[in-house]
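A.B. asks: The following file, upload.tsv, comprises TSV, C-alpha atoms:
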```
chain	number	residue	atom	x	y	z
A	28	MET	CA	14.29	-7.71	-24.54
A	29	THR	CA	14.21	-4.19	-23.18
A	30	GLU	CA	14.36	-1.41	-25.79
A	31	GLU	CA	16.41	0.94	-23.65
A	32	LEU	CA	18.72	1.03	-20.67
A	33	ASP	CA	17.37	1.42	-17.17
A	34	TYR	CA	19.80	3.48	-15.09
A	35	VAL	CA	18.79	2.07	-11.74
A	36	MET	CA	20.21	4.98	-9.70
A	37	GLY	CA	18.74	7.62	-11.98
A	38	ASP	CA	20.86	10.76	-11.80
A	39	ARG	CA	22.30	9.86	-8.40
A	40	ARG	CA	26.08	9.58	-8.24
A	41	PRO	CA	28.37	9.11	-5.24
A	42	GLU	CA	29.89	12.33	-4.02
A	43	ASN	CA	33.63	12.41	-4.63
A	44	GLY	CA	35.28	9.98	-2.25
A	45	LYS	CA	32.03	8.84	-0.62
A	46	LEU	CA	30.09	5.57	-0.91
A	47	LEU	CA	26.61	5.00	-2.32
A	48	GLN	CA	24.94	1.62	-1.74
A	49	VAL	CA	23.66	0.08	-4.99
A	50	ALA	CA	22.64	-3.31	-3.59
A	51	PRO	CA	22.77	-4.90	-0.13
A	52	GLY	CA	26.43	-5.04	0.86
A	53	ILE	CA	27.65	-3.45	-2.39
A	54	HIS	CA	28.86	0.16	-2.30
A	55	TRP	CA	29.72	2.33	-5.28
A	56	LEU	CA	32.73	4.67	-5.13
A	57	ARG	CA	33.53	7.19	-7.86
A	58	LEU	CA	37.00	8.75	-8.10
A	59	PRO	CA	38.30	11.49	-10.44
A	60	LEU	CA	40.49	11.01	-13.51
A	61	PRO	CA	42.48	13.80	-15.22
A	62	PHE	CA	41.25	12.81	-18.69
A	63	SER	CA	38.27	13.55	-20.92
A	64	LEU	CA	36.71	10.51	-19.24
A	65	ASP	CA	36.83	12.18	-15.86
A	66	HIS	CA	35.94	9.40	-13.42
A	67	VAL	CA	36.27	5.71	-12.64
A	68	ASN	CA	33.83	3.52	-10.69
A	69	LEU	CA	35.10	1.28	-7.91
A	70	TYR	CA	33.10	-1.02	-5.64
A	71	LEU	CA	33.45	-2.04	-2.00
A	72	LEU	CA	31.83	-5.31	-1.00
A	73	GLU	CA	30.94	-5.99	2.62
A	74	ASP	CA	31.77	-9.37	4.10
A	75	ASP	CA	31.35	-10.80	7.58
A	76	ALA	CA	35.13	-11.00	7.76
A	77	GLY	CA	35.77	-7.50	6.44
A	78	TRP	CA	35.77	-5.79	3.04
A	79	VAL	CA	36.69	-6.59	-0.55
A	80	ILE	CA	37.80	-3.76	-2.87
A	81	VAL	CA	37.03	-4.11	-6.59
A	82	ASP	CA	39.39	-1.85	-8.57
A	83	CYS	CA	41.46	0.93	-7.06
A	84	GLY	CA	41.67	4.15	-9.06
A	85	LEU	CA	44.66	6.05	-10.38
A	86	ASN	CA	47.84	6.75	-8.44
A	87	SER	CA	47.03	10.43	-8.00
A	88	GLU	CA	46.85	12.77	-5.02
A	89	ASN	CA	43.05	13.07	-5.35
A	90	CYS	CA	42.55	9.31	-5.30
A	91	ARG	CA	45.02	8.72	-2.46
A	92	THR	CA	43.27	11.40	-0.38
A	93	ALA	CA	39.87	9.79	-0.97
A	94	TRP	CA	41.15	6.33	-0.06
A	95	THR	CA	42.87	7.63	3.07
A	96	ARG	CA	39.56	8.98	4.32
A	97	ILE	CA	37.72	5.75	3.42
A	98	LEU	CA	40.31	3.60	5.17
A	99	GLU	CA	40.12	5.76	8.29
A	100	GLU	CA	36.41	6.59	8.49
A	101	ILE	CA	34.59	3.69	6.82
A	102	ILE	CA	36.80	0.60	6.88
A	103	GLY	CA	38.46	1.57	10.15
A	104	ASN	CA	39.73	-1.45	12.03
A	105	ASP	CA	37.90	-3.93	9.81
A	106	PRO	CA	40.25	-6.02	7.68
A	107	VAL	CA	40.37	-5.74	3.90
A	108	GLN	CA	40.15	-9.35	2.74
A	109	ALA	CA	41.09	-8.82	-0.90
A	110	ILE	CA	41.79	-6.28	-3.62
A	111	VAL	CA	40.37	-7.34	-6.99
A	112	GLY	CA	41.69	-5.86	-10.24
A	113	THR	CA	39.36	-6.35	-13.20
A	114	HIS	CA	42.19	-5.48	-15.61
A	115	PHE	CA	45.64	-3.92	-15.69
A	116	HIS	CA	44.79	-0.38	-16.85
A	117	PRO	CA	46.07	2.31	-14.46
A	118	ASP	CA	42.68	3.74	-13.51
A	119	HIS	CA	41.76	0.28	-12.23
A	120	VAL	CA	44.96	-0.95	-10.53
A	121	GLY	CA	46.90	2.28	-10.12
A	122	LEU	CA	46.61	2.16	-6.33
A	123	ALA	CA	46.70	-1.62	-5.90
A	124	GLY	CA	50.22	-1.58	-4.48
A	125	TRP	CA	49.53	1.50	-2.35
A	126	LEU	CA	46.39	-0.12	-0.91
A	127	GLN	CA	48.13	-3.44	-0.33
A	128	GLU	CA	50.87	-1.67	1.62
A	129	ARG	CA	48.22	-0.13	3.91
A	130	THR	CA	45.88	-3.10	4.27
A	131	GLY	CA	47.99	-6.22	3.75
A	132	ALA	CA	45.27	-7.58	1.46
A	133	PRO	CA	46.23	-9.86	-1.44
A	134	LEU	CA	45.70	-8.69	-5.01
A	135	TRP	CA	43.42	-10.91	-7.12
A	136	MET	CA	43.66	-10.69	-10.93
A	137	SER	CA	43.75	-12.92	-13.95
A	138	ARG	CA	47.30	-14.09	-14.61
A	139	THR	CA	47.61	-12.32	-17.98
A	140	GLU	CA	46.39	-9.00	-16.58
A	141	TRP	CA	48.81	-9.16	-13.65
A	142	LEU	CA	51.70	-10.06	-15.96
A	143	ASN	CA	50.88	-7.09	-18.19
A	144	ALA	CA	50.71	-4.77	-15.20
A	145	ARG	CA	54.09	-5.97	-13.91
A	146	ALA	CA	55.72	-5.84	-17.35
A	147	TYR	CA	54.49	-2.32	-18.12
A	148	TYR	CA	55.48	-1.06	-14.68
A	149	LEU	CA	58.95	-2.61	-14.61
A	150	ASP	CA	60.03	-1.86	-18.19
A	151	THR	CA	62.29	1.17	-18.14
A	152	SER	CA	64.26	0.14	-21.23
A	153	ASP	CA	64.88	2.32	-24.25
A	154	ASP	CA	63.58	-0.57	-26.35
A	155	PHE	CA	60.10	-0.11	-24.85
A	156	VAL	CA	59.92	3.51	-25.98
A	157	GLU	CA	61.60	2.94	-29.36
A	158	GLN	CA	59.17	0.10	-30.13
A	159	MET	CA	56.30	2.49	-29.40
A	160	VAL	CA	57.74	5.28	-31.56
A	161	GLY	CA	58.46	2.90	-34.44
A	162	PHE	CA	54.95	1.43	-34.25
A	163	TYR	CA	53.25	4.83	-34.55
A	164	GLY	CA	55.70	5.91	-37.25
A	165	ARG	CA	54.73	2.92	-39.41
A	166	LEU	CA	51.10	3.96	-39.02
A	167	GLY	CA	51.82	7.33	-40.61
A	168	LEU	CA	51.75	9.65	-37.60
A	169	GLY	CA	54.95	11.40	-38.66
A	170	GLY	CA	56.12	13.98	-36.13
A	171	ALA	CA	53.50	12.92	-33.60
A	172	SER	CA	55.19	9.54	-33.26
A	173	GLY	CA	58.38	11.30	-32.16
A	174	GLU	CA	56.41	13.39	-29.67
A	175	MET	CA	55.40	10.14	-28.00
A	176	ARG	CA	59.04	9.55	-27.11
A	177	LYS	CA	58.68	12.42	-24.63
A	178	ILE	CA	55.79	10.62	-22.94
A	179	GLY	CA	57.91	7.53	-22.43
A	180	ASN	CA	56.45	4.78	-20.28
A	181	GLU	CA	53.39	6.69	-19.11
A	182	TYR	CA	52.08	3.64	-17.28
A	183	ARG	CA	54.79	3.92	-14.59
A	184	LYS	CA	53.71	7.49	-13.87
A	185	LEU	CA	50.09	6.49	-13.25
A	186	VAL	CA	50.47	3.46	-10.97
A	187	SER	CA	52.00	2.72	-7.60
A	188	PRO	CA	54.38	-0.28	-7.63
A	189	ILE	CA	52.47	-3.32	-8.89
A	190	PRO	CA	52.58	-6.04	-6.18
A	191	PRO	CA	55.19	-8.68	-6.98
A	192	SER	CA	52.80	-11.51	-6.16
A	193	PHE	CA	49.09	-12.07	-6.66
A	194	LYS	CA	46.27	-14.57	-6.34
A	195	ARG	CA	45.04	-15.84	-9.68
A	196	ILE	CA	41.42	-15.54	-10.80
A	197	GLY	CA	41.04	-18.55	-13.09
A	198	PRO	CA	38.10	-20.23	-14.83
A	199	ASP	CA	37.23	-22.27	-11.73
A	200	THR	CA	37.70	-19.50	-9.17
A	201	LEU	CA	34.68	-18.73	-6.99
A	202	LEU	CA	34.87	-15.71	-4.71
A	203	ARG	CA	32.56	-15.98	-1.69
A	204	ILE	CA	31.86	-12.52	-0.36
A	205	GLY	CA	29.04	-11.38	1.88
A	206	GLY	CA	26.82	-14.39	1.26
A	207	ARG	CA	27.25	-14.18	-2.52
A	208	VAL	CA	29.28	-16.41	-4.80
A	209	TRP	CA	31.00	-14.47	-7.57
A	210	LYS	CA	31.92	-16.37	-10.74
A	211	PRO	CA	34.42	-14.90	-13.24
A	212	TYR	CA	33.59	-14.12	-16.86
A	213	PHE	CA	36.65	-13.40	-19.00
A	214	GLY	CA	36.78	-11.18	-22.03
A	215	ALA	CA	39.42	-9.63	-24.26
A	216	GLY	CA	39.61	-6.69	-26.63
A	217	HIS	CA	39.77	-3.81	-24.18
A	218	SER	CA	42.55	-5.61	-22.34
A	219	PRO	CA	43.97	-9.12	-22.82
A	220	ASP	CA	42.11	-11.08	-20.10
A	221	HIS	CA	39.64	-8.76	-18.40
A	222	VAL	CA	37.63	-10.24	-15.51
A	223	CYS	CA	33.94	-9.56	-14.90
A	224	LEU	CA	32.38	-11.08	-11.77
A	225	TYR	CA	28.82	-12.44	-11.72
A	226	SER	CA	26.59	-13.30	-8.77
A	227	GLU	CA	23.91	-15.67	-10.03
A	228	THR	CA	21.94	-15.47	-6.78
A	229	ASP	CA	21.31	-11.73	-7.17
A	230	ASN	CA	21.84	-11.50	-10.96
A	231	ILE	CA	24.53	-8.84	-10.53
A	232	MET	CA	27.55	-8.35	-12.79
A	233	LEU	CA	30.63	-6.36	-11.87
A	234	GLY	CA	31.34	-5.45	-15.47
A	235	GLY	CA	34.55	-3.43	-15.36
A	236	ASP	CA	35.18	-1.75	-18.71
A	237	LEU	CA	33.74	-4.44	-21.00
A	238	LEU	CA	30.08	-3.61	-20.41
A	239	LEU	CA	29.90	0.19	-20.26
A	240	PRO	CA	26.40	1.64	-20.69
A	241	ARG	CA	27.00	4.82	-22.68
A	242	ILE	CA	30.47	4.96	-24.19
A	243	THR	CA	32.07	2.11	-26.11
A	244	PRO	CA	35.10	0.50	-24.46
A	245	ILE	CA	38.38	1.37	-26.12
A	246	ILE	CA	39.17	-1.53	-28.43
A	247	ALA	CA	42.63	-0.77	-29.76
A	248	VAL	CA	45.85	-2.24	-31.09
A	249	TRP	CA	48.97	-1.29	-29.10
A	250	TRP	CA	52.67	-1.40	-29.93
A	251	THR	CA	53.30	-4.32	-27.58
A	252	GLU	CA	51.19	-6.60	-29.83
A	253	PRO	CA	51.19	-4.79	-33.18
A	254	ASP	CA	49.35	-7.47	-35.17
A	255	ALA	CA	46.61	-8.15	-32.62
A	256	ASN	CA	42.94	-8.46	-33.57
A	257	PRO	CA	41.24	-7.08	-30.43
A	258	LEU	CA	37.93	-6.26	-32.10
A	259	GLN	CA	37.43	-9.93	-32.96
A	260	ASP	CA	38.19	-10.75	-29.33
A	261	PHE	CA	35.64	-8.21	-28.10
A	262	LEU	CA	32.91	-9.36	-30.48
A	263	SER	CA	33.53	-12.95	-29.33
A	264	PHE	CA	33.02	-11.82	-25.73
A	265	LEU	CA	29.73	-10.13	-26.66
A	266	ALA	CA	28.61	-13.34	-28.40
A	267	ARG	CA	29.26	-15.30	-25.20
A	268	MET	CA	27.23	-12.77	-23.21
A	269	ASP	CA	24.34	-12.81	-25.70
A	270	GLY	CA	21.11	-13.99	-24.13
A	271	SER	CA	21.93	-12.79	-20.63
A	272	GLU	CA	18.91	-11.84	-18.56
A	273	ASP	CA	17.91	-8.24	-19.22
A	274	GLU	CA	17.13	-7.83	-15.52
A	275	MET	CA	20.82	-8.34	-14.70
A	276	LEU	CA	22.18	-5.40	-12.73
A	277	VAL	CA	25.44	-4.34	-14.36
A	278	LEU	CA	27.90	-2.35	-12.24
A	279	PRO	CA	30.27	-0.80	-14.80
A	280	GLY	CA	33.71	0.76	-14.52
A	281	HIS	CA	32.40	4.12	-15.79
A	282	ASP	CA	29.02	5.90	-15.91
A	283	GLY	CA	26.13	4.44	-13.89
A	284	PRO	CA	24.70	1.03	-12.91
A	285	TYR	CA	22.08	-0.21	-15.35
A	286	ARG	CA	19.79	-2.98	-16.53
A	287	GLY	CA	19.20	-3.88	-20.17
A	288	ILE	CA	22.34	-5.80	-21.10
A	289	ASN	CA	21.01	-7.28	-24.34
A	290	PHE	CA	20.02	-3.84	-25.61
A	291	ARG	CA	23.55	-2.67	-24.81
A	292	ILE	CA	25.19	-5.66	-26.50
A	293	ASN	CA	23.21	-4.97	-29.68
A	294	ALA	CA	24.15	-1.29	-29.54
A	295	LEU	CA	27.85	-2.14	-29.21
A	296	ARG	CA	27.67	-4.52	-32.16
A	297	SER	CA	25.88	-1.92	-34.28
A	298	HIS	CA	28.48	0.69	-33.42
A	299	HIS	CA	31.35	-1.52	-34.54
A	300	ASP	CA	29.51	-2.61	-37.69
A	301	GLU	CA	29.16	1.06	-38.64
A	302	ARG	CA	32.82	1.74	-37.91
A	303	LEU	CA	33.88	-1.27	-39.98
A	304	ASP	CA	31.86	0.07	-42.91
A	305	GLU	CA	33.41	3.52	-42.50
A	306	ALA	CA	36.93	2.09	-42.30
A	307	ALA	CA	36.35	-0.08	-45.39
A	308	ALA	CA	35.01	2.92	-47.31
A	309	ALA	CA	38.12	4.92	-46.36
A	310	CYS	CA	40.28	2.20	-47.95
A	311	VAL	CA	38.96	2.76	-51.48
A	312	ARG	CA	42.31	4.44	-52.09
A	313	PRO	CA	45.50	3.31	-50.34
A	314	GLY	CA	45.95	5.18	-47.12
A	315	SER	CA	47.94	5.03	-43.91
A	316	ALA	CA	46.24	4.23	-40.61
A	317	ALA	CA	46.69	7.89	-39.66
A	318	GLU	CA	44.87	9.05	-42.80
A	319	ILE	CA	42.05	6.59	-42.22
A	320	MET	CA	41.87	7.64	-38.57
A	321	ARG	CA	41.22	11.23	-39.62
A	322	SER	CA	38.23	10.12	-41.67
A	323	LEU	CA	36.81	8.25	-38.66
A	324	PHE	CA	37.68	10.82	-35.99
A	325	THR	CA	36.99	14.28	-37.39
A	326	ARG	CA	37.37	16.27	-34.16
A	327	GLU	CA	40.66	17.74	-33.00
A	328	LEU	CA	42.68	15.19	-31.03
A	329	ASP	CA	45.47	15.77	-28.54
A	330	LEU	CA	48.40	13.36	-28.34
A	331	HIS	CA	46.74	11.23	-25.64
A	332	GLN	CA	43.52	10.92	-27.66
A	333	THR	CA	45.45	10.24	-30.86
A	334	ARG	CA	46.94	7.06	-29.39
A	335	PHE	CA	43.47	5.78	-28.58
A	336	ALA	CA	41.99	6.85	-31.93
A	337	ILE	CA	44.67	5.32	-34.12
A	338	GLY	CA	44.64	2.15	-32.02
A	339	GLU	CA	40.88	1.84	-32.50
A	340	THR	CA	41.22	2.55	-36.21
A	341	LEU	CA	43.82	-0.19	-36.51
A	342	ALA	CA	41.58	-2.63	-34.62
A	343	HIS	CA	38.90	-2.21	-37.27
A	344	LEU	CA	41.42	-2.46	-40.10
A	345	HIS	CA	42.86	-5.69	-38.69
A	346	LEU	CA	39.40	-7.29	-38.54
A	347	LEU	CA	38.77	-6.20	-42.13
A	348	MET	CA	42.12	-7.77	-43.07
A	349	GLN	CA	41.15	-11.02	-41.37
A	350	ASP	CA	37.89	-11.05	-43.31
A	351	GLY	CA	39.72	-10.48	-46.59
A	352	GLU	CA	38.16	-7.08	-47.27
A	353	VAL	CA	41.31	-5.02	-46.83
A	354	ARG	CA	44.98	-5.66	-47.48
A	355	ARG	CA	48.08	-3.99	-46.07
A	356	GLU	CA	51.42	-3.22	-47.68
A	357	LEU	CA	54.58	-1.70	-46.24
A	358	GLY	CA	55.78	1.15	-48.45
A	359	GLU	CA	59.36	2.09	-49.19
A	360	ASP	CA	58.97	4.98	-46.75
A	361	GLY	CA	58.34	2.50	-43.93
A	362	THR	CA	54.62	3.30	-43.66
A	363	TYR	CA	51.85	0.72	-43.85
A	364	ARG	CA	49.05	1.51	-46.29
A	365	PHE	CA	45.67	-0.14	-46.38
A	366	GLU	CA	43.37	-0.56	-49.35
A	367	ARG	CA	40.33	-2.55	-50.37
A	368	ALA	CA	41.17	-6.03	-51.55
A	369	ALA	CA	40.44	-6.68	-55.23
```
Could you express the structure from this file as C-alpha cells?
C.D. replies:
Amino acid sequence: MTEELDYVMGDRRPENGKLLQVAPGIHWLRLPLPFSLDHVNLYLLEDDAGWVIVDCGLNSENCRTAWTRILEEIIGNDPVQAIVGTHFHPDHVGLAGWLQERTGAPLWMSRTEWLNARAYYLDTSDDFVEQMVGFYGRLGLGGASGEMRKIGNEYRKLVSPIPPSFKRIGPDTLLRIGGRVWKPYFGAGHSPDHVCLYSETDNIMLGGDLLLPRITPIIAVWWTEPDANPLQDFLSFLARMDGSEDEMLVLPGHDGPYRGINFRINALRSHHDERLDEAAAACVRPGSAAEIMRSLFTRELDLHQTRFAIGETLAHLHLLMQDGEVRRELGEDGTYRFERAA
C-alpha cells in the first residue's frame, strides 16, 4: 500500500472553463463556486457517438458562461449522449436542466438522488422552512436558527429546474462510453445514494464527492432526516472500497486526480475516529449539539458554514448514540442535550 497520495497531474489544473485531458478520452473541467470550497470538478467523456457529461456545476452566471463556450467551441455539432449526476447536490446537478434544454440529452442518476433533487427543487412550502428552523432550534442554535428562515429553500436558488424524468443508474447498470464499460459503485453518507463509476479495464474511478483526496466529504445530518446516521453509512462505504488497487486513478469532485486510494481510505477513517473521540469527550457534561459543535469547530463560522458544522457534529453524535456511548434527552426548553452514557 502506498504511504502517500500521488497527484497524477501535479500542480496542473484546467484553466477556468477549459478542458484538460487526464486519460485517453477523459477530459477534466473545473468550474468556480462562490463558497470557501471555490471549485467543482466535472468530466467530459468522449464517445464515438458524441459526448457524455459527468456532473454539471452550479446554476450561476460563471458556470453558464463556461458551458456556453464549451458547447459552442468544443462539443459543437456533436451530440451529447448523456448527462450523469453523481449526486443531487447543487454544485453537481445545478445545470442539469439547463444543459438538457440545450442538448436534449437524458439525465442519468440513481433513483434516490433524482427524487431528492426533485423534492428539494419543487418544495416551496412553509413547512419545509419551518421544519428546518425547528430542527436547528432543537440543536441549540438559538437566534441562528431563526436566521435560517431568511435563507429559505436555498437549493432552488442554486439549481436550474431539475428534469422531470431521468434514466436510472441501478446496481446492474453498465454505461458503455468510448470503449470503456463503467460500473456503478453506490455509497451514502455525503448524500443518500451517491454514484461512483468504475472502469475496470483502465482502473479508473469517477469518485464524485465520496473519495476526495485532501478534504473530508461533508458527512452531516439534515432536517429532512433528523435521526439519520450518515457517518455509519459512509464508514460502510469505505469498508466496501477497502482493498481497492492503489494504482486506481481516482477522478474526484474536488481537488485533483490521484492514486493511493487505500492510503486515503485509512486517512478518512482516522479522521472520523479522532472526531468521534473529541465528540465523546465533549459529552462529559450534558450539552447541546451547538455547544459540542463549538468544541469541535473552534474557528469563526458564518451561517452557511454553521449548517455544515452542526450537521457533521450531529453525525458523530448519532453514531456514538448507536454504539451506546452517548445518550440524548429533550429538555423542557425544547433543546436536545447529549451526555456520556453511564
A.B. asks: Find the residues near Val311 in chain A: any atom within 7 Å, counting all atoms listed in the file, skip ones fewer than 3 places away on the same chain, and give them as a VMD selection string.
C.D. replies: chain A and resid 308 366 to 367
A.B. asks: Between A:Pro219, A:Gly167, A:Pro279, A:Gly161, which is the closest to Tyr363 in chain A once you count only C-alpha atoms?
C.D. replies: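 Of all the options, A:Gly167 lies closest to Tyr363 in chain A.
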A.B. asks: So which residues touch Ile246 in chain A within 7 Å, counting all atoms listed in the file, skipping near sequence neighbours fewer than 4 positions away, as a list in words?
C.D. replies: Gly216, His217, Pro257, Leu258, Glu339 and Ala342 of chain A
A.B. asks: Tell me, as an NGL selection string, which residues lie within 8 Å of Arg364 in chain A, counting only C-alpha atoms; anything in the same chain fewer than 4 positions away does not count.
C.D. replies: :A and (166 or 313-316 or 355-358)
A.B. asks: Just give me the gap between CA of Pro117 in chain A and CA of Asp82 in chain A in Å, one decimal is fine.
C.D. replies: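 We find that CA of Pro117 in chain A and CA of Asp82 in chain A lie 9.8 Å from each other.
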A.B. asks: Which neighbours of Gly205 in chain A fall inside 12 Å, counting all atoms listed in the file, when residues of the same chain fewer than 3 positions from it are skipped, and could you give them as a ChimeraX atom specification?
C.D. replies: /A:50-53,71-79,108,202,208-209,226,228-229
A.B. asks: Between CA of Asn289 in chain A and CA of Gly197 in chain A, what is the distance, to one decimal in Å?
C.D. replies: 25.6 Å
A.B. asks: Within 12 Å of Asp150 in chain A, counting all atoms listed in the file, which residues show up once you throw out same-chain ones fewer than 2 positions away? Write them as a PyMOL selection string, please.
C.D. replies: chain A and resi 142-148+152-156+179-183+251
A.B. asks: Have a look at CA of His298 in chain A and CA of Leu237 in chain A and let me know their distance in Å, one decimal.
C.D. replies: 14.4 Å
A.B. asks: Of the candidates A:Met268, A:Leu276, A:Leu347, A:Met159, which shows the shortest atom-to-atom distance to Met175 in chain A, using all atoms listed in the file?
C.D. replies: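 Going through A:Met268, A:Leu276, A:Leu347, A:Met159 one by one, the smallest distance to Met175 in chain A is for A:Met159.
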A.B. asks: Smallest atom-to-atom distance to Asn43 in chain A: which of A:Asn293, A:Asn89, A:Ser63, A:Ser172, using all atoms listed in the file?
C.D. replies: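 Smallest distance to Asn43 in chain A is found for A:Asn89.
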A.B. asks: Go through A:Leu149, A:Leu341, A:Leu126, A:Ala171 and flag the residue nearest Ile245 in chain A, using all atoms listed in the file for the distances.
C.D. replies: A:Leu341
A.B. asks: Restricting the calculation to all atoms listed in the file, which member of A:Pro59, A:Gly287, A:Pro240, A:Pro211 is positioned closest to Asp269 in chain A?
C.D. replies: A:Gly287
A.B. asks: Which residue out of A:Ala93, A:Ile288, A:Val120, A:Leu69 has the minimum interatomic distance to Glu31 in chain A when only C-alpha atoms are used?
C.D. replies: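 Answer, going by the shortest atom-to-atom distance: A:Ile288.
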A.B. asks: Do you know which residues lie at most 9 Å from (47.7, -5.6, 3.3), with coordinates as in the file and all atoms listed in the file counted, and could you write them as a PDB file with C-alpha atoms, in the coordinates of the input?
C.D. replies:
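And here is the file that came out, point-v5.pdb:
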```
ATOM      1  CA  PRO A 106      40.250  -6.020   7.680  1.00  0.00           C
ATOM      2  CA  VAL A 107      40.370  -5.740   3.900  1.00  0.00           C
ATOM      3  CA  GLN A 108      40.150  -9.350   2.740  1.00  0.00           C
ATOM      4  CA  ALA A 109      41.090  -8.820  -0.900  1.00  0.00           C
ATOM      5  CA  LEU A 126      46.390  -0.120  -0.910  1.00  0.00           C
ATOM      6  CA  GLN A 127      48.130  -3.440  -0.330  1.00  0.00           C
ATOM      7  CA  GLU A 128      50.870  -1.670   1.620  1.00  0.00           C
ATOM      8  CA  ARG A 129      48.220  -0.130   3.910  1.00  0.00           C
ATOM      9  CA  THR A 130      45.880  -3.100   4.270  1.00  0.00           C
ATOM     10  CA  GLY A 131      47.990  -6.220   3.750  1.00  0.00           C
ATOM     11  CA  ALA A 132      45.270  -7.580   1.460  1.00  0.00           C
ATOM     12  CA  PRO A 133      46.230  -9.860  -1.440  1.00  0.00           C
TER      13      PRO A 133
END
```
